[in-house]
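Visitor: Please see the structure below; I have some questions.
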Amino acid sequence: MSPDLSILILDENRIRAAIIETGLREAGHTRVSIVSDMNGIVRRIAETAPDVIVIDLENPNRDQLEHVLQMSRVVERPIAMFVDRSDTEMMASAIEAGVSAYVVDGLRQDRVKPILDMAIARFNAYSRLKSELEDTRRALEDRKVIDRAKAILIRTRGLTEDEAHHLLRRTAMQQSARMGDVARALVASAELLLGEKSTGDEP
Amino acid sequence: MISALKPLRLGFIPLMDAAIPIVAARKGFAAAHGIDLRLVRETSWANIRDRLAIGHLDAAHLLAPMPVAAALGLAPLDTPLIAPMALGAGGNAITFSADLTNALREAGIVRFPAEPSALGRALRAVIEARVAARKERLIFGVVHPYSAHNYELRYWLAASGIDPDCDIEIAILPPPFMPDALASRKIDGFCVGEPWNSVACRHSGGAIVLTKSAIWRASPEKVLALREDWPDERPGDLAALLQAMLDAAFWCEDAANRTELVQMLSASDMLDQPPEVLLPSLDGTLDGPGRFLTYATGMANFPWKSDAEWFLGQMRRWGQIGPGQGDPAGVRAAFRPDLLREALLARGVSAPLADDRPAAAEGGAGLIVPGTLGDVRLPRFGFFDAGC
């Protein structure tokens with residue numbers, strides 16, 4: 001595989017585009033460009049003469065891109081495809097990851113596959129990053145609300161902190177719910193019943 | 001009860017003609033037929049097409065020419081699609097910018113939406129004046145190369161003596177982007193489904209200059225698209241889905257439900273537009289009541305095989321496929337009036353025995369054709385220039 005293919009990344013999400021670009025550069029591709037705005041896309045395609053265009057599946061401009069590629073006189077006869085029409089598994093994993101690629105006709109599959117593999121891996125890495133961030137944020141929020149719930153239990157039922165914690169955990173297990181959700185429900189009920197505006201601080 | 005429902009995912013683009021699947025899901029018609037219809041709002045036709053082909057979606061609200069394109073191998077994935085039902089007839093319009101609308105007024109058009117021939121002549125005069133003044137070509141937007149929008153805009157322009165490939169430029173934009181593109185003068189006009197024409201008029205000062213129903217009466221637009229293996233692999237699901245969709249179609253057509261329909265469609269997770277821009281396509285503002293967009297009456301759900309062939313002809317006419325390319329039998333097989341006929345029969349509704357649209361009835365109010373349970377009355381068909 002010669003790494004001198006021209007690759008264009010079309011992604012409105014600049015962070016994700018940068019992640020893909022880094023990956024491709026690390027794999028030895030030097031001709032990688034990023035476009036995050038469809039304005040002037042025809043000119044950019046003319047300038048970069050891409051062999052492969054990687055685009056975010058959720059990008060609403062996919063229809064426009066397909067048209068540009070169809071109309072484009074820059075490349076001989078570009079066709080939109082997912083690497084190889086017969087490679088259903090590859091297409092499925094690409095779509096699963098949220099990436100699609102347009103490949104200029106005549107480019108051999110063995111040259112394109114590593115690029116799409118890379119894009120898929122990077123798309124997945126980005127999704128993981130995002131969900132990890134969300135998990136962390138949720139864990140933080142959970143901890144706060146659990147503390148508030150415990151404070152309410154300590155105050156209203158005279159439990160120790162340990163007992164309050166165990167009670168919350170047991171209830172969560174019985175309801176097969178998350179502890180954070182049980183705590184959230186308890187805090188909400190306390191606000192309703194007791195007019196609590198607990199901030200988690202002891203009174 | 002919930003667990004007994006069969007989950008089906010259906011992709012749609014926010015448009016007035018997505019009403020049938022939306023109503024089927026939201027009004028409980030799908031559930032009544034044992035289906036948990038899950039709506040997935042998509043951002044591009046390319047996405048819906050690919051997700052349907054790969055199996056992420058079970059069904060889709062799709063541009064009618066797309067199953068034709070799939071049959072011709074013009075889609076990225078070689079998954080044949082079928083259209084067992086049309087999701088209504090009509091529903092598109094052509095909107096021009098304030099500048100272009102004013103130029104047409106000066107060229108003698110006093111009322112919009114206008115009559116196609118007169119508007120075409122006026123537009124041609126405007127274009128000739130622009131050429132003489134060395135102004136840039138006008139740019140018109142459509143939603144996809146394989147869309148009824150593209151073909152009807154081209155049909156009207158060509159019939160008016162305007163070459164859509166030389167005299168103007170055609171750009172592709174997603175439907176919700178059209179109003180902004182028009183307001184920011186990136187395009188001079190567009191052909192798109194409602195409500196995006198009404199939205200654009202409200203924000204940009206443009207005008208709806210022509211309706212799809214004036215170019216080609218009761219013409220095909222979106223279809224319910226499924227993978228080709230449905231009838232053999234999941235006949236029970238197919239029957240249930242078609243009944244739910246037909247329930248929804250008749251419900252949408254009933255004027256008594258209009259207010260509720262508009263409320264439902266305007267929800268933030270559906271079309272996300274205020275009710276007042278959704279109304280013009282339903283209340284007769286755009287082209288006499290029951291003409292601009294029909295959800296069920298006049299066999300609006302019947303996927304005529306001749307329509308598939310018409311799209312093939314347009315693809316050839318505009319160079320999307322080579323002159324000798326494209327097998328008419330292959331594209332006709334993608335449209336499945338037989339499946340709809342059967343579904344209507346189960347409801348005691350007569351459907352045409354013919355697979356093709358009858359020739360246009362000249363000047364008459366409509367046509368009577370033989371059907372499965374007796375004669376069927378069809379609305380007036382035909383093109384504004386009596387062509388075909």
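Residue numbers start at 1 in each chain; chains themselves are named A, B, ... in the order of the structure tokens; ligands are numbered from 1 in the order shown.
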Enumerate the residues of segment 250-294 of chain B with a DSSP assignment of alpha helix (DSSP H), computed from the backbone, and present them as a list in words.

Guide: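 Taking segment 250-294 of chain B and keeping alpha helix (DSSP H) only, one gets Phe250, Trp251, Cys252, Glu253, Arg258, Thr259, Glu260, Leu261, Val262, Gln263, Met264, Leu265, Pro275, Glu276, Val277, Leu278, Gly288, Pro289, Gly290 and Arg291 of chain B.
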
Visitor: Restrict the distance test to only C-alpha atoms, flag each residue of chain B within 7 Å of chain A, and return the flagged residues as a list in words.

Guide: Thr43, Ser44, Trp45, Ala46, Asn47, Ile54, Pro76, Leu77, Asp78, His144, Pro145, Ile172, Leu173 and Pro174 of chain B

Visitor: For the residues selected in the previous step, produce a file with C-alpha atoms as a compact mmCIF listing (two decimals), in the first residue's frame.

Guide:
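What ended up in result.txt:
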# COMPACT_ATOMS: atom_id res chain seq x y z
CA THR B 43 -30.66 14.19 8.32
CA SER B 44 -30.10 13.08 4.72
CA TRP B 45 -31.71 10.89 2.09
CA ALA B 46 -28.36 9.18 1.57
CA ASN B 47 -28.41 8.15 5.23
CA ILE B 54 -27.79 -2.30 5.72
CA PRO B 76 -23.74 2.48 -2.84
CA LEU B 77 -25.20 -0.79 -1.59
CA ASP B 78 -26.65 -3.41 -3.87
CA HIS B 144 -31.34 14.95 -4.14
CA PRO B 145 -30.34 14.01 -7.70
CA ILE B 172 -28.42 19.95 -3.80
CA LEU B 173 -29.40 20.91 -0.26
CA PRO B 174 -31.18 19.11 2.60

Visitor: Considering only C-alpha atoms, return as a PyMOL selection string whatever protein or nucleic-acid residues lie within 8 Å of segment 314-329 of chain B, sequence-local ones (same chain, fewer than 5 positions apart) excluded.

Guide: chain B and resi 72+146+151+309

Visitor: Looking only at the backbone, which of the residues in segment 208-335 of chain B does DSSP tag as strand (DSSP E or B), as a list of chain:residue names?

Guide: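 After running DSSP on the backbone, segment 208-335 of chain B has strand (DSSP E or B) at B:Ile208, B:Val209, B:Leu210, B:Thr211, B:Trp216, B:Pro220, B:Lys222, B:Val223, B:Leu224, B:Ala225, B:Leu226, B:Arg227, B:Leu293, B:Thr294, B:Phe335.
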
Visitor: Filtering to N, CA and C atoms, could you give me those residues as a PDB file, in the first residue's frame?

Guide:
ATOM      1  N   ILE B 208     -43.996  31.365  -3.060  1.00  0.00           N
ATOM      2  CA  ILE B 208     -44.233  30.066  -3.697  1.00  0.00           C
ATOM      3  C   ILE B 208     -44.782  30.371  -5.080  1.00  0.00           C
ATOM      4  N   VAL B 209     -43.996  30.081  -6.111  1.00  0.00           N
ATOM      5  CA  VAL B 209     -44.364  30.521  -7.456  1.00  0.00           C
ATOM      6  C   VAL B 209     -45.097  29.439  -8.241  1.00  0.00           C
ATOM      7  N   LEU B 210     -44.902  28.189  -7.845  1.00  0.00           N
ATOM      8  CA  LEU B 210     -45.485  27.098  -8.620  1.00  0.00           C
ATOM      9  C   LEU B 210     -45.617  25.867  -7.729  1.00  0.00           C
ATOM     10  N   THR B 211     -46.686  25.093  -7.940  1.00  0.00           N
ATOM     11  CA  THR B 211     -46.839  23.871  -7.145  1.00  0.00           C
ATOM     12  C   THR B 211     -46.600  22.650  -8.029  1.00  0.00           C
ATOM     13  N   TRP B 216     -47.617  18.470 -12.530  1.00  0.00           N
ATOM     14  CA  TRP B 216     -48.092  17.105 -12.787  1.00  0.00           C
ATOM     15  C   TRP B 216     -49.074  16.773 -11.673  1.00  0.00           C
ATOM     16  N   PRO B 220     -46.390  11.216  -8.127  1.00  0.00           N
ATOM     17  CA  PRO B 220     -45.693  10.478  -7.071  1.00  0.00           C
ATOM     18  C   PRO B 220     -44.631  11.318  -6.384  1.00  0.00           C
ATOM     19  N   LYS B 222     -43.178  10.538  -2.309  1.00  0.00           N
ATOM     20  CA  LYS B 222     -42.441   9.661  -1.388  1.00  0.00           C
ATOM     21  C   LYS B 222     -43.131   8.305  -1.359  1.00  0.00           C
ATOM     22  N   VAL B 223     -42.337   7.303  -1.017  1.00  0.00           N
ATOM     23  CA  VAL B 223     -42.913   5.966  -0.887  1.00  0.00           C
ATOM     24  C   VAL B 223     -42.506   5.370   0.456  1.00  0.00           C
ATOM     25  N   LEU B 224     -43.247   4.361   0.861  1.00  0.00           N
ATOM     26  CA  LEU B 224     -42.797   3.511   1.950  1.00  0.00           C
ATOM     27  C   LEU B 224     -41.822   2.530   1.304  1.00  0.00           C
ATOM     28  N   ALA B 225     -40.575   2.558   1.723  1.00  0.00           N
ATOM     29  CA  ALA B 225     -39.573   1.677   1.117  1.00  0.00           C
ATOM     30  C   ALA B 225     -39.150   0.598   2.106  1.00  0.00           C
ATOM     31  N   LEU B 226     -39.019  -0.607   1.588  1.00  0.00           N
ATOM     32  CA  LEU B 226     -38.606  -1.766   2.384  1.00  0.00           C
ATOM     33  C   LEU B 226     -37.551  -2.530   1.596  1.00  0.00           C
ATOM     34  N   ARG B 227     -36.807  -3.369   2.290  1.00  0.00           N
ATOM     35  CA  ARG B 227     -35.912  -4.252   1.554  1.00  0.00           C
ATOM     36  C   ARG B 227     -36.751  -5.285   0.809  1.00  0.00           C
ATOM     37  N   LEU B 293     -51.679  18.338  -1.829  1.00  0.00           N
ATOM     38  CA  LEU B 293     -51.113  17.147  -1.176  1.00  0.00           C
ATOM     39  C   LEU B 293     -52.266  16.253  -0.757  1.00  0.00           C
ATOM     40  N   THR B 294     -52.286  15.017  -1.261  1.00  0.00           N
ATOM     41  CA  THR B 294     -53.324  14.093  -0.824  1.00  0.00           C
ATOM     42  C   THR B 294     -52.661  12.905  -0.148  1.00  0.00           C
ATOM     43  N   PHE B 335     -41.600  -1.249  -7.788  1.00  0.00           N
ATOM     44  CA  PHE B 335     -42.894  -0.725  -7.336  1.00  0.00           C
ATOM     45  C   PHE B 335     -43.876  -1.879  -7.280  1.00  0.00           C
TER      46      PHE B 335
END

Visitor: Ranking B:Leu312, B:Ala218, B:Ile20, B:Ile127 by minimum distance to Asp188 of chain B and counting only C-alpha atoms, which one comes first?

Guide: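 For Asp188 of chain B, the nearest of the given residues is B:Ile127.
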
Visitor: Just checking: using only C-alpha atoms, which residue out of B:Leu10, B:Val131, B:Leu278, B:Val68 ends up closest to His56 of chain B?

Guide: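 Using only C-alpha atoms, His56 of chain B sits closest to B:Leu10.
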
Visitor: Skip Asp283 of chain B itself and residues of its chain fewer than 3 positions away, then list as a PyMOL selection string all residues within 12 Å of it, counting only C-alpha atoms.

Guide: chain B and resi 253-259+262+276-280+286-294

Visitor: Could you write those residues out with N, CA and C atoms, as a short mmCIF file (atom, residue, chain, number, x, y, z; two decimals), in the first residue's frame?

Guide:
data_model
loop_
_atom_site.label_atom_id
_atom_site.label_comp_id
_atom_site.auth_asym_id
_atom_site.auth_seq_id
_atom_site.Cartn_x
_atom_site.Cartn_y
_atom_site.Cartn_z
N GLU B 253 -56.15 12.10 5.82
CA GLU B 253 -56.94 12.70 4.75
C GLU B 253 -58.21 13.37 5.29
N ASP B 254 -58.67 12.92 6.44
CA ASP B 254 -59.92 13.42 7.01
C ASP B 254 -59.72 14.84 7.56
N ALA B 255 -60.41 15.78 6.94
CA ALA B 255 -60.24 17.20 7.33
C ALA B 255 -60.55 17.43 8.81
N ALA B 256 -61.39 16.56 9.39
CA ALA B 256 -61.75 16.71 10.80
C ALA B 256 -60.53 16.54 11.70
N ASN B 257 -59.51 15.86 11.20
CA ASN B 257 -58.32 15.60 12.02
C ASN B 257 -57.20 16.60 11.77
N ARG B 258 -57.47 17.60 10.92
CA ARG B 258 -56.39 18.48 10.46
C ARG B 258 -55.67 19.18 11.61
N THR B 259 -56.44 19.72 12.56
CA THR B 259 -55.82 20.46 13.67
C THR B 259 -54.91 19.55 14.48
N VAL B 262 -51.74 18.66 12.49
CA VAL B 262 -50.77 19.75 12.45
C VAL B 262 -50.06 19.87 13.79
N GLU B 276 -48.76 27.10 12.02
CA GLU B 276 -49.24 27.95 10.92
C GLU B 276 -48.46 27.76 9.62
N VAL B 277 -47.22 27.26 9.67
CA VAL B 277 -46.52 27.00 8.41
C VAL B 277 -46.82 25.60 7.88
N LEU B 278 -47.45 24.78 8.71
CA LEU B 278 -47.80 23.43 8.26
C LEU B 278 -49.17 23.41 7.58
N LEU B 279 -49.99 24.39 7.89
CA LEU B 279 -51.36 24.41 7.38
C LEU B 279 -51.52 24.64 5.88
N PRO B 280 -50.73 25.54 5.27
CA PRO B 280 -51.01 25.88 3.87
C PRO B 280 -51.05 24.69 2.92
N LEU B 286 -52.44 26.52 -1.08
CA LEU B 286 -51.44 26.42 -2.14
C LEU B 286 -52.03 26.03 -3.49
N ASP B 287 -52.98 25.14 -3.50
CA ASP B 287 -53.60 24.74 -4.75
C ASP B 287 -54.88 24.03 -4.38
N GLY B 288 -55.98 24.61 -4.58
CA GLY B 288 -57.30 24.09 -4.23
C GLY B 288 -57.29 22.93 -3.24
N PRO B 289 -58.27 22.86 -2.34
CA PRO B 289 -58.31 21.79 -1.33
C PRO B 289 -58.22 20.41 -1.98
N GLY B 290 -57.45 19.54 -1.36
CA GLY B 290 -57.35 18.17 -1.86
C GLY B 290 -56.56 18.03 -3.15
N ARG B 291 -55.87 19.08 -3.55
CA ARG B 291 -55.09 18.96 -4.78
C ARG B 291 -53.59 19.03 -4.53
N PHE B 292 -53.18 19.92 -3.63
CA PHE B 292 -51.75 20.14 -3.43
C PHE B 292 -51.07 18.88 -2.88
N LEU B 293 -51.68 18.34 -1.83
CA LEU B 293 -51.11 17.15 -1.18
C LEU B 293 -52.27 16.25 -0.76
N THR B 294 -52.29 15.02 -1.26
CA THR B 294 -53.32 14.09 -0.82
C THR B 294 -52.66 12.90 -0.15
#

Visitor: Which polymer residues have any atom within 10 Å of an atom of segment 233-248 of chain B, counting only C-alpha atoms, with same-chain residues fewer than 3 positions away left out, as a VMD selection string?

Guide: chain B and resid 6 8 19 to 35 37 59 84 to 85 87 224 226 228 to 230 251 to 253 295 to 296 301 339 to 340 342 to 344 346 to 347

Visitor: I want to know what sits within 12 Å of Ala118 of chain B, based on only C-alpha atoms, with residues of the same chain fewer than 5 positions away left out; could you give that as a PyMOL selection string?

Guide: chain B and resi 104-105+107-113+123-125+156-157+159-161+209-210+214+384-385

Visitor: Excluding Tyr126 of chain A and residues on its chain fewer than 3 positions from it, collect all residues at most 9 Å away from it, counting only C-alpha atoms, and give them as number ranges by chain.

Guide: A: 15-16, 19, 121-123, 129-131

Visitor: Can you work out the spacing between atom CA of Asp162 of chain A and atom CA of Asp142 of chain A in Å, to one decimal?

Guide: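 So the two atoms, atom CA of Asp162 of chain A and atom CA of Asp142 of chain A, lie 17.2 Å apart.
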
Visitor: Between atom CA of Glu191 of chain A and atom CA of Glu161 of chain A, what is the spacing in Å?

Guide: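 The value is 20.1 Å.
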
Visitor: One number please: atom CA of Arg130 of chain B to atom CA of Ile170 of chain B, in Å, one decimal.

Guide: 16.9 Å

Visitor: Counting only C-alpha atoms, figure out which residue out of A:Ser189, A:Asn124, A:Ser6, A:Gln175 gets nearest to Ile45 of chain A.

Guide: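 Of A:Ser189, A:Asn124, A:Ser6, A:Gln175, the one nearest Ile45 of chain A is A:Ser6, counting only C-alpha atoms.
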